[in-house]
$ cat protein.pdb   # PDB, C-alpha atoms
MODEL        1
ATOM      1  CA  MET A   1     -13.720  21.035  -1.718  1.00  0.00           C
ATOM      2  CA  PHE A   2     -17.458  20.690  -2.139  1.00  0.00           C
ATOM      3  CA  VAL A   3     -19.278  17.354  -2.457  1.00  0.00           C
ATOM      4  CA  ASP A   4     -22.891  16.958  -3.526  1.00  0.00           C
ATOM      5  CA  VAL A   5     -24.101  13.336  -3.387  1.00  0.00           C
ATOM      6  CA  VAL A   6     -27.265  11.338  -2.980  1.00  0.00           C
ATOM      7  CA  VAL A   7     -26.847   8.618  -0.359  1.00  0.00           C
ATOM      8  CA  ASN A   8     -29.617   6.072   0.125  1.00  0.00           C
ATOM      9  CA  GLY A   9     -32.004   8.444  -1.626  1.00  0.00           C
ATOM     10  CA  GLU A  10     -31.132  11.515   0.459  1.00  0.00           C
ATOM     11  CA  ARG A  11     -29.128  14.455  -0.887  1.00  0.00           C
ATOM     12  CA  TYR A  12     -26.079  15.687   1.055  1.00  0.00           C
ATOM     13  CA  GLU A  13     -23.948  18.738   0.349  1.00  0.00           C
ATOM     14  CA  ARG A  14     -20.745  19.086   2.351  1.00  0.00           C
ATOM     15  CA  GLU A  15     -17.343  20.717   2.374  1.00  0.00           C
ATOM     16  CA  VAL A  16     -14.621  18.064   2.590  1.00  0.00           C
ATOM     17  CA  SER A  17     -10.872  17.877   2.505  1.00  0.00           C
ATOM     18  CA  ALA A  18      -9.526  16.898  -0.916  1.00  0.00           C
ATOM     19  CA  ARG A  19      -7.930  13.833   0.714  1.00  0.00           C
ATOM     20  CA  ARG A  20     -11.052  12.648   2.583  1.00  0.00           C
ATOM     21  CA  LEU A  21     -11.861   9.028   1.769  1.00  0.00           C
ATOM     22  CA  LEU A  22     -15.429   8.154   0.900  1.00  0.00           C
ATOM     23  CA  VAL A  23     -15.592   5.634   3.756  1.00  0.00           C
ATOM     24  CA  HIS A  24     -14.722   8.353   6.302  1.00  0.00           C
ATOM     25  CA  PHE A  25     -17.124  10.804   4.672  1.00  0.00           C
ATOM     26  CA  LEU A  26     -19.945   8.268   5.019  1.00  0.00           C
ATOM     27  CA  ARG A  27     -19.080   7.198   8.569  1.00  0.00           C
ATOM     28  CA  ASP A  28     -17.867  10.412  10.153  1.00  0.00           C
ATOM     29  CA  ASP A  29     -19.610  13.175   8.223  1.00  0.00           C
ATOM     30  CA  LEU A  30     -22.932  11.462   7.481  1.00  0.00           C
ATOM     31  CA  ASP A  31     -22.991   9.110  10.507  1.00  0.00           C
ATOM     32  CA  LEU A  32     -23.659   6.072   8.301  1.00  0.00           C
ATOM     33  CA  THR A  33     -21.563   3.656  10.323  1.00  0.00           C
ATOM     34  CA  GLY A  34     -22.794   0.453   8.678  1.00  0.00           C
ATOM     35  CA  THR A  35     -19.962   0.822   6.182  1.00  0.00           C
ATOM     36  CA  HIS A  36     -17.002  -0.642   8.060  1.00  0.00           C
ATOM     37  CA  VAL A  37     -13.312   0.223   7.927  1.00  0.00           C
ATOM     38  CA  GLY A  38     -11.459  -3.052   7.935  1.00  0.00           C
ATOM     39  CA  CYS A  39      -8.052  -2.538   6.376  1.00  0.00           C
ATOM     40  CA  ASP A  40      -7.841   0.917   4.740  1.00  0.00           C
ATOM     41  CA  THR A  41      -6.009  -0.742   1.836  1.00  0.00           C
ATOM     42  CA  GLY A  42      -8.838  -2.038  -0.361  1.00  0.00           C
ATOM     43  CA  SER A  43      -8.085  -5.633   0.569  1.00  0.00           C
ATOM     44  CA  CYS A  44     -10.944  -6.731   2.823  1.00  0.00           C
ATOM     45  CA  GLY A  45     -14.145  -5.342   1.259  1.00  0.00           C
ATOM     46  CA  ALA A  46     -15.800  -4.404   4.580  1.00  0.00           C
ATOM     47  CA  CYS A  47     -16.271  -0.877   3.225  1.00  0.00           C
ATOM     48  CA  THR A  48     -18.055  -1.890   0.004  1.00  0.00           C
ATOM     49  CA  VAL A  49     -20.795   0.482  -1.164  1.00  0.00           C
ATOM     50  CA  HIS A  50     -22.520   1.044  -4.488  1.00  0.00           C
ATOM     51  CA  LEU A  51     -21.356   4.115  -6.395  1.00  0.00           C
ATOM     52  CA  ASP A  52     -23.724   4.813  -9.289  1.00  0.00           C
ATOM     53  CA  GLY A  53     -24.774   1.163  -9.141  1.00  0.00           C
ATOM     54  CA  VAL A  54     -21.269  -0.314  -9.093  1.00  0.00           C
ATOM     55  CA  ALA A  55     -19.836  -2.047  -6.022  1.00  0.00           C
ATOM     56  CA  VAL A  56     -16.685  -0.195  -4.917  1.00  0.00           C
ATOM     57  CA  LYS A  57     -14.440  -0.266  -1.885  1.00  0.00           C
ATOM     58  CA  SER A  58     -15.069   3.112  -0.326  1.00  0.00           C
ATOM     59  CA  CYS A  59     -11.621   3.175   1.319  1.00  0.00           C
ATOM     60  CA  SER A  60     -10.195   3.411  -2.211  1.00  0.00           C
ATOM     61  CA  VAL A  61     -12.364   6.310  -3.394  1.00  0.00           C
ATOM     62  CA  LEU A  62     -11.992   9.947  -2.442  1.00  0.00           C
ATOM     63  CA  ALA A  63     -15.179  11.678  -1.357  1.00  0.00           C
ATOM     64  CA  VAL A  64     -14.632  14.323  -4.055  1.00  0.00           C
ATOM     65  CA  GLN A  65     -14.575  11.573  -6.687  1.00  0.00           C
ATOM     66  CA  ALA A  66     -18.149  10.762  -5.671  1.00  0.00           C
ATOM     67  CA  HIS A  67     -19.342  14.329  -6.355  1.00  0.00           C
ATOM     68  CA  GLY A  68     -22.616  14.138  -8.272  1.00  0.00           C
ATOM     69  CA  ALA A  69     -22.965  10.408  -7.684  1.00  0.00           C
ATOM     70  CA  GLU A  70     -25.641   8.247  -6.197  1.00  0.00           C
ATOM     71  CA  ILE A  71     -24.363   6.082  -3.355  1.00  0.00           C
ATOM     72  CA  ALA A  72     -26.030   3.143  -1.651  1.00  0.00           C
ATOM     73  CA  THR A  73     -24.804   1.843   1.695  1.00  0.00           C
ATOM     74  CA  VAL A  74     -25.910  -1.151   3.727  1.00  0.00           C
ATOM     75  CA  GLU A  75     -28.305   1.134   5.618  1.00  0.00           C
ATOM     76  CA  GLY A  76     -30.153   1.706   2.337  1.00  0.00           C
ATOM     77  CA  LEU A  77     -30.777  -1.956   1.538  1.00  0.00           C
ATOM     78  CA  ALA A  78     -33.970  -2.264   3.557  1.00  0.00           C
ATOM     79  CA  GLN A  79     -36.173   0.352   5.158  1.00  0.00           C
ATOM     80  CA  ASP A  80     -39.070  -1.482   6.816  1.00  0.00           C
ATOM     81  CA  GLU A  81     -38.137  -5.133   6.482  1.00  0.00           C
ATOM     82  CA  GLN A  82     -35.097  -7.145   5.503  1.00  0.00           C
ATOM     83  CA  THR A  83     -34.347  -7.932   1.892  1.00  0.00           C
ATOM     84  CA  PRO A  84     -34.419 -11.591   0.797  1.00  0.00           C
ATOM     85  CA  LEU A  85     -30.614 -11.522   0.861  1.00  0.00           C
ATOM     86  CA  GLN A  86     -30.519 -10.232   4.433  1.00  0.00           C
ATOM     87  CA  ARG A  87     -33.020 -12.897   5.483  1.00  0.00           C
ATOM     88  CA  ALA A  88     -30.927 -15.548   3.738  1.00  0.00           C
ATOM     89  CA  PHE A  89     -27.839 -14.429   5.662  1.00  0.00           C
ATOM     90  CA  THR A  90     -29.747 -14.974   8.896  1.00  0.00           C
ATOM     91  CA  GLU A  91     -31.385 -18.255   7.867  1.00  0.00           C
ATOM     92  CA  HIS A  92     -28.135 -19.745   6.547  1.00  0.00           C
ATOM     93  CA  HIS A  93     -26.007 -18.541   9.467  1.00  0.00           C
ATOM     94  CA  ALA A  94     -23.858 -16.520   7.077  1.00  0.00           C
ATOM     95  CA  LEU A  95     -22.481 -14.243   9.750  1.00  0.00           C
ATOM     96  CA  GLN A  96     -20.642 -14.571  12.992  1.00  0.00           C
ATOM     97  CA  CYS A  97     -18.892 -11.448  14.214  1.00  0.00           C
ATOM     98  CA  GLY A  98     -20.668  -9.422  11.520  1.00  0.00           C
ATOM     99  CA  TYR A  99     -17.766  -7.154  10.676  1.00  0.00           C
ATOM    100  CA  CYS A 100     -17.577  -8.227   7.027  1.00  0.00           C
ATOM    101  CA  THR A 101     -21.346  -8.538   6.653  1.00  0.00           C
ATOM    102  CA  PRO A 102     -22.117  -5.040   5.292  1.00  0.00           C
ATOM    103  CA  GLY A 103     -19.492  -5.425   2.566  1.00  0.00           C
ATOM    104  CA  MET A 104     -20.598  -8.963   1.786  1.00  0.00           C
ATOM    105  CA  LEU A 105     -24.222  -7.821   1.523  1.00  0.00           C
ATOM    106  CA  MET A 106     -23.317  -4.942  -0.778  1.00  0.00           C
ATOM    107  CA  SER A 107     -21.155  -7.123  -3.043  1.00  0.00           C
ATOM    108  CA  ALA A 108     -23.811  -9.856  -3.124  1.00  0.00           C
ATOM    109  CA  THR A 109     -26.550  -7.309  -3.843  1.00  0.00           C
ATOM    110  CA  ALA A 110     -24.542  -6.072  -6.826  1.00  0.00           C
ATOM    111  CA  LEU A 111     -24.146  -9.656  -8.041  1.00  0.00           C
ATOM    112  CA  LEU A 112     -27.864 -10.409  -7.684  1.00  0.00           C
ATOM    113  CA  ALA A 113     -28.738  -7.235  -9.587  1.00  0.00           C
ATOM    114  CA  GLN A 114     -26.611  -8.467 -12.506  1.00  0.00           C
ATOM    115  CA  ASN A 115     -27.319 -12.189 -12.123  1.00  0.00           C
ATOM    116  CA  PRO A 116     -30.512 -12.988 -10.179  1.00  0.00           C
ATOM    117  CA  THR A 117     -29.807 -16.740 -10.050  1.00  0.00           C
ATOM    118  CA  PRO A 118     -26.059 -17.138  -9.523  1.00  0.00           C
ATOM    119  CA  THR A 119     -24.300 -20.443  -9.159  1.00  0.00           C
ATOM    120  CA  GLU A 120     -21.953 -21.155  -6.280  1.00  0.00           C
ATOM    121  CA  GLU A 121     -19.041 -20.389  -8.601  1.00  0.00           C
ATOM    122  CA  ASP A 122     -20.613 -17.043  -9.611  1.00  0.00           C
ATOM    123  CA  VAL A 123     -20.936 -16.102  -5.937  1.00  0.00           C
ATOM    124  CA  LYS A 124     -17.360 -17.108  -5.154  1.00  0.00           C
ATOM    125  CA  ILE A 125     -16.077 -14.952  -7.994  1.00  0.00           C
ATOM    126  CA  ALA A 126     -18.257 -11.978  -7.017  1.00  0.00           C
ATOM    127  CA  LEU A 127     -17.179 -12.132  -3.369  1.00  0.00           C
ATOM    128  CA  GLN A 128     -13.485 -12.738  -3.945  1.00  0.00           C
ATOM    129  CA  GLY A 129     -12.716  -9.132  -2.950  1.00  0.00           C
ATOM    130  CA  ASN A 130     -14.375  -9.578   0.442  1.00  0.00           C
ATOM    131  CA  ILE A 131     -12.585 -11.209   3.347  1.00  0.00           C
ATOM    132  CA  CYS A 132     -14.331 -12.963   6.224  1.00  0.00           C
ATOM    133  CA  ARG A 133     -12.256 -14.106   9.146  1.00  0.00           C
ATOM    134  CA  CYS A 134     -14.994 -16.086  10.945  1.00  0.00           C
ATOM    135  CA  THR A 135     -17.377 -18.090   8.775  1.00  0.00           C
ATOM    136  CA  GLY A 136     -15.252 -20.007   6.302  1.00  0.00           C
ATOM    137  CA  TYR A 137     -17.446 -18.540   3.520  1.00  0.00           C
ATOM    138  CA  TRP A 138     -19.556 -21.651   2.882  1.00  0.00           C
ATOM    139  CA  ASN A 139     -22.696 -20.307   4.584  1.00  0.00           C
ATOM    140  CA  ILE A 140     -22.261 -16.940   2.874  1.00  0.00           C
ATOM    141  CA  VAL A 141     -22.163 -18.618  -0.538  1.00  0.00           C
ATOM    142  CA  GLU A 142     -25.203 -20.738   0.368  1.00  0.00           C
ATOM    143  CA  ALA A 143     -27.105 -17.647   1.502  1.00  0.00           C
ATOM    144  CA  VAL A 144     -26.463 -15.736  -1.715  1.00  0.00           C
ATOM    145  CA  VAL A 145     -27.433 -18.717  -3.888  1.00  0.00           C
ATOM    146  CA  ALA A 146     -30.597 -19.224  -1.815  1.00  0.00           C
ATOM    147  CA  ALA A 147     -31.533 -15.549  -2.082  1.00  0.00           C
ATOM    148  CA  GLY A 148     -31.127 -15.793  -5.846  1.00  0.00           C
ATOM    149  CA  LYS A 149     -33.390 -18.815  -6.008  1.00  0.00           C
ATOM    150  CA  GLY A 150     -35.943 -17.121  -3.795  1.00  0.00           C
ATOM    151  CA  SER A 151     -35.636 -19.950  -1.300  1.00  0.00           C
ATOM    152  CA  ALA A 152     -34.151 -17.878   1.505  1.00  0.00           C
TER
ENDMDL
END
$ encode --input "protein.pdb" --output "structure tokens"
Amino acid sequence: MFVDVVVNGERYEREVSARRLLVHFLRDDLDLTGTHVGCDTGSCGACTVHLDGVAVKSCSVLAVQAHGAEIATVEGLAQDEQTPLQRAFTEHHALQCGYCTPGMLMSATALLAQNPTPTEEDVKIALQGNICRCTGYWNIVEAVVAAGKGSA
């Protein structure tokens, strides 16, 4: 099957298997390895990307379902310098091993696009589909709130 997508502003046209998951298309075919494979079941959120502006778990989407879509991955968040959210993650120590970080950043970016000044509760709700095994979440929530307030 044929897939024509725009990823991080760049157009890609590829032949793919009908069963190819979007996460594997991004990582293996396009070499965009910032999107992580954590569980392959849609439970952990490490593979979160934006598909036409909506945060989705790319292990739950077939590449062919993305045909004609615009996709943003963690690599597309910042080109020359970090975004305020990325800086807030660093300043608030919101990462340890970093495995969940791309998914957390993509989910939080989607939240901030919809709600630029979220409360702690808003952040907790928005990130409930993302699992972190290291940080205990508190610093992640603080980072997202701080980025929304512009105090990162």
$ residues_around --input "protein.pdb" --residues "range 35-37 of chain A" --least-positions-apart "6" --cutoff "10 Å" --atoms "all atoms listed in the file" --output "ChimeraX atom specification"
/A:23-24,26-27,44-49,57-59,73-75,99-103,106
$ atom_distance --input "protein.pdb" --atom1 "CA of Ala72 in chain A" --atom2 "CA of Val54 in chain A"
9.5 Å
$ resolve_selection --input "protein.pdb" --expression "the PyMOL selection byres ((chain A and resi 2) around 6)" --output "list in words"
Met1, Val3, Arg14 and Glu15 of chain A
$ write_last_selection --input "protein.pdb" --atoms "C-alpha atoms" --output "PDB file, in the coordinates of the input"
ATOM      1  CA  MET A   1     -13.720  21.035  -1.718  1.00  0.00           C
ATOM      2  CA  VAL A   3     -19.278  17.354  -2.457  1.00  0.00           C
ATOM      3  CA  ARG A  14     -20.745  19.086   2.351  1.00  0.00           C
ATOM      4  CA  GLU A  15     -17.343  20.717   2.374  1.00  0.00           C
TER       5      GLU A  15
END
$ closest_residue --input "protein.pdb" --among "A:Thr119, A:Thr135, A:Ser60, A:Asn130" --to "Met104 in chain A" --atoms "only C-alpha atoms"
A:Asn130
$ resolve_selection --input "protein.pdb" --expression "the PyMOL selection byres ((chain A and resi 18) around 12)" --output "VMD selection string"
chain A and resid 1 to 3 14 to 17 19 to 22 25 61 to 67
